[in-house]
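Structure file work-v7.cif (mmCIF, C-alpha atoms) is printed below.
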```
data_model
#
loop_
_atom_site.label_atom_id
_atom_site.label_comp_id
_atom_site.auth_asym_id
_atom_site.auth_seq_id
_atom_site.Cartn_x
_atom_site.Cartn_y
_atom_site.Cartn_z
CA MET N 1 43.30 93.11 89.88
CA GLY N 2 42.30 90.86 92.74
CA GLU N 3 43.27 91.42 96.33
CA THR N 4 45.60 88.42 96.42
CA GLU N 5 47.38 89.51 93.29
CA ALA N 6 47.89 93.05 94.64
CA GLY N 7 49.12 91.57 97.89
CA SER N 8 51.72 89.40 96.19
CA GLU N 9 52.93 92.39 94.20
CA THR N 10 53.38 94.33 97.41
CA ASP N 11 55.26 91.36 98.87
CA ALA N 12 57.53 91.23 95.81
CA ARG N 13 58.27 94.94 96.13
CA ALA N 14 59.00 94.56 99.83
CA ARG N 15 61.36 91.67 99.10
CA GLN N 16 63.12 93.75 96.46
CA ILE N 17 63.60 96.64 98.87
CA ALA N 18 64.89 94.29 101.54
CA MET N 19 67.36 92.78 99.09
CA GLU N 20 68.59 96.17 98.01
CA GLU N 21 69.05 97.24 101.61
CA ARG N 22 71.00 94.08 102.27
CA ASP N 23 73.24 94.71 99.22
CA ARG N 24 73.81 98.27 100.27
CA ALA N 25 74.68 97.29 103.85
CA ARG N 26 77.08 94.67 102.51
CA PHE N 27 78.72 97.24 100.24
CA GLU N 28 79.08 99.71 103.08
CA GLU N 29 80.62 97.15 105.40
CA GLU N 30 83.11 96.05 102.77
CA ALA N 31 84.04 99.66 101.96
CA LEU N 32 84.54 100.54 105.64
CA GLY N 33 86.72 97.47 106.03
CA LEU N 34 89.10 98.98 103.47
CA ALA N 35 89.27 102.43 105.10
CA ASP N 36 92.67 101.97 106.70
CA GLN N 37 94.23 100.88 103.39
CA VAL N 38 92.55 103.75 101.54
CA TYR N 39 93.83 106.21 104.14
CA ARG N 40 97.42 104.92 103.88
CA VAL N 41 97.47 105.70 100.18
CA ALA N 42 95.65 109.03 100.61
CA ARG N 43 98.10 110.12 103.28
CA ARG N 44 101.03 109.90 100.85
CA LEU N 45 99.16 111.55 97.97
CA VAL N 46 98.53 114.77 99.87
CA GLY N 47 100.64 116.96 102.10
CA THR N 48 99.02 116.78 105.51
CA ARG N 49 97.09 114.38 107.73
CA GLU N 50 94.13 116.78 107.79
CA GLU N 51 93.96 116.87 104.00
CA ALA N 52 94.16 113.09 103.86
CA GLU N 53 91.32 112.71 106.39
CA GLU N 54 89.17 115.17 104.49
CA LEU N 55 89.87 113.47 101.20
CA VAL N 56 89.00 110.04 102.58
CA GLN N 57 85.74 111.39 104.02
CA GLU N 58 84.77 112.95 100.69
CA THR N 59 85.64 109.69 98.99
CA TYR N 60 83.40 107.65 101.29
CA ALA N 61 80.55 110.15 101.06
CA ARG N 62 80.65 109.84 97.28
CA ALA N 63 81.11 106.06 97.35
CA PHE N 64 78.09 105.61 99.65
CA ARG N 65 75.99 107.76 97.34
CA SER N 66 77.00 105.94 94.18
CA TRP N 67 77.28 102.41 95.53
CA ARG N 68 75.11 101.08 92.70
CA SER N 69 77.81 101.87 90.16
CA TYR N 70 80.18 99.43 91.87
CA SER N 71 80.11 95.94 90.31
CA PRO N 72 80.19 93.32 93.08
CA GLY N 73 83.12 90.96 92.78
CA THR N 74 85.45 93.55 91.23
CA ASN N 75 88.30 95.27 93.07
CA MET N 76 86.57 97.61 95.52
CA ARG N 77 89.83 99.07 96.84
CA ALA N 78 90.75 100.16 93.30
CA TRP N 79 87.22 101.52 92.82
CA LEU N 80 87.51 103.63 95.98
CA LEU N 81 90.98 104.86 95.02
CA ARG N 82 89.71 105.91 91.62
CA ILE N 83 87.12 108.11 93.33
CA LEU N 84 89.78 109.43 95.66
CA THR N 85 92.32 110.33 92.98
CA ASN N 86 89.59 112.02 90.89
CA LEU N 87 88.47 114.08 93.86
CA ASN N 88 92.05 114.99 94.57
CA LEU N 89 92.41 116.28 91.02
CA ASP N 90 88.99 117.98 90.90
CA ARG N 91 89.68 119.97 93.99
CA GLY N 92 92.80 121.39 92.43
CA ARG N 93 94.89 120.22 95.33
CA ARG N 94 97.68 119.62 92.95
CA VAL N 95 98.94 121.05 89.74
CA GLN N 96 99.57 118.58 86.94
CA ARG N 97 103.04 118.71 85.56
CA THR N 98 104.39 117.49 82.32
CA PRO N 99 106.59 114.55 83.22
CA ASP N 100 108.95 115.25 80.33
CA LEU N 101 109.98 118.53 81.89
CA GLN N 102 111.57 116.70 84.81
CA PRO N 103 115.34 116.40 84.75
CA LEU N 104 116.74 113.02 83.92
CA GLU N 105 117.22 110.98 87.04
CA GLU N 106 120.15 108.83 88.06
CA GLY N 107 120.23 105.08 87.40
CA ASP N 108 118.85 102.37 89.66
CA TYR N 109 122.13 101.66 91.43
CA TYR N 110 122.62 105.30 92.42
CA LEU N 111 121.47 105.04 96.04
CA ALA N 112 123.12 101.66 96.57
CA ASN N 113 126.38 103.11 95.24
CA LYS N 114 126.13 106.05 97.64
CA VAL N 115 125.44 103.71 100.56
CA ALA N 116 128.34 101.47 99.53
CA ALA N 117 130.65 104.49 99.32
CA ALA N 118 129.63 105.60 102.81
CA GLU N 119 129.32 102.26 104.59
CA GLY N 120 131.36 99.84 102.54
CA GLU N 121 130.32 97.38 99.88
CA GLN N 122 129.47 94.59 102.35
CA ALA N 123 126.94 96.82 104.11
CA LEU N 124 124.58 96.40 101.15
CA GLU N 125 124.02 92.81 102.22
CA GLN N 126 122.69 93.78 105.63
CA GLU N 127 118.99 94.36 106.12
CA ARG N 128 119.67 97.06 108.69
CA VAL N 129 121.60 99.23 106.28
CA VAL N 130 118.39 100.89 105.08
CA GLU N 131 117.63 102.14 108.59
CA ARG N 132 120.31 104.71 108.02
CA LEU N 133 117.81 106.41 105.72
CA SER N 134 115.32 107.00 108.60
CA GLN N 135 111.55 106.75 108.28
CA GLY N 136 111.15 110.53 108.27
CA GLY N 137 113.73 110.73 105.50
CA VAL N 138 111.70 108.32 103.38
CA VAL N 139 108.50 110.31 103.89
CA ASP N 140 110.23 113.61 103.08
CA ALA N 141 111.95 112.21 100.00
CA LEU N 142 108.66 110.77 98.75
CA SER N 143 106.92 114.12 99.18
CA GLU N 144 109.53 115.70 96.93
CA VAL N 145 108.88 113.35 94.03
CA PRO N 146 106.78 115.25 91.43
CA HIS N 147 103.07 114.37 91.64
CA ASP N 148 102.65 112.42 88.44
CA PHE N 149 105.47 110.08 89.39
CA ARG N 150 104.61 109.97 93.07
CA ASP N 151 100.99 108.94 92.48
CA VAL N 152 102.14 105.81 90.69
CA VAL N 153 104.89 104.98 93.20
CA VAL N 154 102.41 105.39 96.06
CA LEU N 155 99.76 103.21 94.41
CA VAL N 156 102.13 100.40 93.42
CA ASP N 157 104.81 100.41 96.12
CA ILE N 158 102.76 101.50 99.12
CA GLY N 159 99.21 100.62 98.08
CA ASP N 160 100.32 97.33 96.51
CA PHE N 161 98.23 97.84 93.38
CA SER N 162 99.12 96.08 90.13
CA TYR N 163 100.20 98.11 87.09
CA ALA N 164 96.77 97.43 85.58
CA ASP N 165 94.90 98.64 88.66
CA ALA N 166 97.06 101.77 88.86
CA ALA N 167 96.36 102.46 85.18
CA GLN N 168 92.62 102.16 85.79
CA ILE N 169 92.70 104.29 88.93
CA LEU N 170 94.65 107.11 87.26
CA ASP N 171 92.96 106.68 83.89
CA VAL N 172 96.22 106.48 81.98
CA PRO N 173 97.62 103.71 79.72
CA ILE N 174 99.52 100.90 81.42
CA GLY N 175 102.69 101.90 79.56
CA THR N 176 102.48 105.32 81.19
CA VAL N 177 102.14 103.69 84.61
CA MET N 178 105.26 101.61 83.97
CA SER N 179 107.41 104.48 82.74
CA ARG N 180 106.27 106.81 85.54
CA LEU N 181 106.83 104.08 88.11
CA HIS N 182 110.35 103.36 86.92
CA ARG N 183 111.29 107.02 86.75
CA GLY N 184 109.49 107.82 90.00
CA ARG N 185 111.41 105.16 91.89
CA ARG N 186 114.68 106.49 90.51
CA ILE N 187 113.80 110.04 91.49
CA LEU N 188 112.85 108.78 94.96
CA LYS N 189 116.20 107.04 95.37
CA GLN N 190 117.99 110.16 94.21
CA LYS N 191 116.08 112.27 96.76
CA LEU N 192 116.84 109.72 99.46
CA ALA N 193 120.53 109.88 98.63
CA GLU N 194 120.48 113.69 98.67
CA GLU N 195 118.47 113.98 101.87
CA THR N 196 119.96 111.32 104.02
CA LEU N 197 123.48 110.62 102.84
CA THR N 198 125.03 114.00 102.22
CA MET R 1 133.64 100.81 93.18
CA THR R 2 134.88 100.89 89.67
CA HIS R 3 133.54 97.48 88.73
CA HIS R 4 130.95 98.11 86.09
CA ASP R 5 130.85 96.48 82.70
CA LEU R 6 128.21 96.29 80.00
CA GLY R 7 126.68 93.25 81.69
CA CYS R 8 126.25 95.28 84.86
CA GLU R 9 124.65 98.14 82.96
CA LYS R 10 122.15 95.78 81.38
CA CYS R 11 121.54 94.18 84.77
CA GLU R 12 120.87 97.61 86.30
CA GLU R 13 118.32 98.32 83.59
CA LEU R 14 116.54 95.05 84.35
CA LEU R 15 116.47 95.56 88.13
CA GLN R 16 112.98 97.02 88.54
CA GLY R 17 111.31 94.71 86.06
CA TYR R 18 112.99 91.72 87.68
CA LEU R 19 111.80 92.62 91.18
CA ASP R 20 108.32 93.41 89.80
CA ARG R 21 108.33 89.99 88.08
CA ASP R 22 107.56 91.79 84.90
CA LEU R 23 110.41 90.72 82.62
CA ALA R 24 110.10 88.57 79.52
CA PRO R 25 111.50 85.04 80.09
CA GLU R 26 114.59 85.79 78.00
CA GLU R 27 115.30 88.92 80.06
CA VAL R 28 114.98 86.92 83.28
CA LEU R 29 117.66 84.59 81.89
CA VAL R 30 119.93 87.53 81.12
CA ALA R 31 119.47 89.03 84.61
CA GLU R 32 119.89 85.74 86.47
CA GLY R 33 122.81 84.68 84.30
CA HIS R 34 124.60 87.89 85.20
CA LEU R 35 123.62 87.87 88.88
CA ASP R 36 125.01 84.36 89.27
CA GLY R 37 128.52 85.58 88.58
CA CYS R 38 128.42 89.20 89.79
CA ASP R 39 128.59 90.05 93.51
CA TYR R 40 128.40 93.75 92.69
CA CYS R 41 124.98 93.48 91.05
CA ARG R 42 123.69 90.81 93.42
CA ARG R 43 124.32 93.09 96.41
CA ARG R 44 122.50 95.93 94.65
CA TYR R 45 119.48 93.74 93.86
CA ARG R 46 119.41 92.61 97.46
CA PHE R 47 119.65 96.22 98.64
CA GLU R 48 116.79 97.25 96.36
CA GLU R 49 114.56 94.49 97.72
CA THR R 50 115.28 95.54 101.29
CA LEU R 51 114.78 99.19 100.37
CA ARG R 52 111.36 98.55 98.85
CA ARG R 53 110.15 96.83 102.01
CA TYR R 54 111.57 99.65 104.12
CA ILE R 55 109.88 102.33 102.01
CA ARG R 56 106.55 100.54 102.28
CA VAL R 57 106.77 100.27 106.05
CA SER R 58 108.17 103.78 106.57
CA ALA R 59 105.58 105.50 104.40
CA SER R 60 102.57 103.62 105.80
CA GLU R 61 100.69 105.63 108.37
CA ARG R 62 97.71 104.16 110.16
CA MET R 63 94.33 105.80 109.97
CA PRO R 64 93.92 108.37 112.78
CA PRO R 65 91.62 107.33 115.63
CA GLY R 66 88.15 108.73 115.12
CA LEU R 67 88.17 108.68 111.34
CA MET R 68 86.43 105.30 111.15
CA ALA R 69 83.53 106.60 113.24
CA LYS R 70 83.21 109.63 110.96
CA LEU R 71 83.15 107.42 107.89
CA ALA R 72 80.56 105.10 109.43
CA GLU R 73 78.31 108.10 110.00
CA LEU R 74 78.38 108.87 106.29
CA ARG R 75 76.54 105.64 105.52
CA GLU R 76 73.16 106.09 103.94
CA HIS R 77 72.02 102.78 105.34
CA GLN R 78 72.05 103.10 109.08
CA PRO R 79 72.12 99.74 110.83
CA ARG R 80 69.10 99.28 113.08
CA ALA R 81 69.77 99.95 116.74
CA LEU R 82 69.58 96.80 118.82
#
```

Please express what this file holds, its structure, as structure tokens.
Amino acid sequence: MGETEAGSETDARARQIAMEERDRARFEEEALGLADQVYRVARRLVGTREEAEELVQETYARAFRSWRSYSPGTNMRAWLLRILTNLNLDRGRRVQRTPDLQPLEEGDYYLANKVAAAEGEQALEQERVVERLSQGGVVDALSEVPHDFRDVVVLVDIGDFSYADAAQILDVPIGTVMSRLHRGRRILKQKLAEETLT
Amino acid sequence: MTHHDLGCEKCEELLQGYLDRDLAPEEVLVAEGHLDGCDYCRRRYRFEETLRRYIRVSASERMPPGLMAKLAELREHQPRAL
């Protein structure tokens, strides 16, 4: 091999390394830009702020290590949340329940009916009527929804993920996401009615 | 309120799918056809919409100060100091 040829090979290798570093830096910046949104979901999946912080840090440590397995152009927020929910399960922070063992929840009008009974039918038309429920009441009621249902409600209604993204993140069929979401929202409304209107 | 007929029951069942924009076109027609003539259900749909926004806002907690710096330190690629 001639000197020039060896030199151009070294140049090619250097260019490759530089490109990889650039891709990695780009990945890291994008991931860090999503941290607040990742934290908001994490915070409602676990019991305390400390646990949420720890979980997000473990998630980012793992994401930064395995950045090559992320396909650029796909949904990075969903990718990060998949890592996060897996870590949450792996660490045994929660016990899986069988959703079918949960009692049947009330219908979708249950909370509205309770509010109407307390405040009058016309109150349902006013935006401010929900403030009666209090922010703390919402957080407490959500924490009482069984995990399997809560995970889906948190991902879709707080994290703004699609059914398909939630299915991918939790590694369950989309039909399961839909049924857990519907039942989870009903359970949440029932808890809200119990906690804030009795 | 005692007002509640079979149309209302069906409408209640369609509530979540309607707000998620996940109903089949014929179900959307059923829901909207009923909502057009039923104040009882219309108020409950409106309430549910407001409630969803309120839950989202109430349950969203910003990242604590300091966490971003901790996450940035976990990067394997450290940006060059200027």

**OP:** Can you turn the PyMOL selection byres ((chain N) within 9 of (chain R)) into a concrete residue list for this file, as a PyMOL selection string?
**Re:** chain N and resi 21+24-25+28-29+32+35-41+43-44+49+53+56-57+60-61+64-65+107-109+112-113+116-117+121-131+134-139+142+154+157-159+182+185

Subject >> Polymer residues at most 8 Å from segment 79-95 of chain N, only C-alpha atoms, same-chain spacing of 6 or more positions, as JSON, numbers by chain >> reply: {"N": [31, 38, 42, 46, 55, 56, 58, 59, 60, 62, 63, 70, 147, 168, 169, 170]}

**OP:** Considering all atoms listed in the file, state which residue in the set N:Glu5, N:Asp23, N:Glu105, N:Asp148 is at the smallest distance from Val172 of chain N.
**Re:**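 Smallest distance to Val172 of chain N is found for N:Asp148.
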
Original post:
So which residues get picked by the PyMOL selection byres ((chain R and resi 30) around 12) here, written as a ChimeraX atom specification?
Top reply: /R:7-15,18,23-29,31-37

Selected residues written out, C-alpha atoms, as a compact mmCIF listing (two decimals), in the coordinates of the input:
```txt
# COMPACT_ATOMS: atom_id res chain seq x y z
CA GLY R 7 126.68 93.25 81.69
CA CYS R 8 126.25 95.28 84.86
CA GLU R 9 124.65 98.14 82.96
CA LYS R 10 122.15 95.78 81.38
CA CYS R 11 121.54 94.18 84.77
CA GLU R 12 120.87 97.61 86.30
CA GLU R 13 118.32 98.32 83.59
CA LEU R 14 116.54 95.05 84.35
CA LEU R 15 116.47 95.56 88.13
CA TYR R 18 112.99 91.72 87.68
CA LEU R 23 110.41 90.72 82.62
CA ALA R 24 110.10 88.57 79.52
CA PRO R 25 111.50 85.04 80.09
CA GLU R 26 114.59 85.79 78.00
CA GLU R 27 115.30 88.92 80.06
CA VAL R 28 114.98 86.92 83.28
CA LEU R 29 117.66 84.59 81.89
CA ALA R 31 119.47 89.03 84.61
CA GLU R 32 119.89 85.74 86.47
CA GLY R 33 122.81 84.68 84.30
CA HIS R 34 124.60 87.89 85.20
CA LEU R 35 123.62 87.87 88.88
CA ASP R 36 125.01 84.36 89.27
CA GLY R 37 128.52 85.58 88.58
```

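Between atom CA of Arg150 of chain N and atom CA of Gly175 of chain N there is a distance of 15.9 Å.
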
Original post:
So how many Å separate atom CA of Glu195 of chain N and atom CA of Lys114 of chain N, to one decimal?
Top reply: 11.8 Å

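When atom CA of Leu192 of chain N is paired with atom CA of Ala141 of chain N, their separation reads 5.5 Å.
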
Original post:
Nearest to Val177 of chain N among N:Glu144, N:Glu50, N:Asp151, N:Glu119, with distances taken over all atoms listed in the file: which residue is it?
Top reply: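 The shortest atom-to-atom distance to Val177 of chain N comes from N:Asp151.
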
Which centre and which edge lengths, in Å to one decimal, describe the axis-aligned box that holds all listed atoms of segment 48-65 of chain N after 8 Å is added on each side, as AutoDock Vina command-line options?
```
--center_x 87.5 --center_y 111.2 --center_z 102.5 --size_x 39.0 --size_y 27.3 --size_z 26.5
```
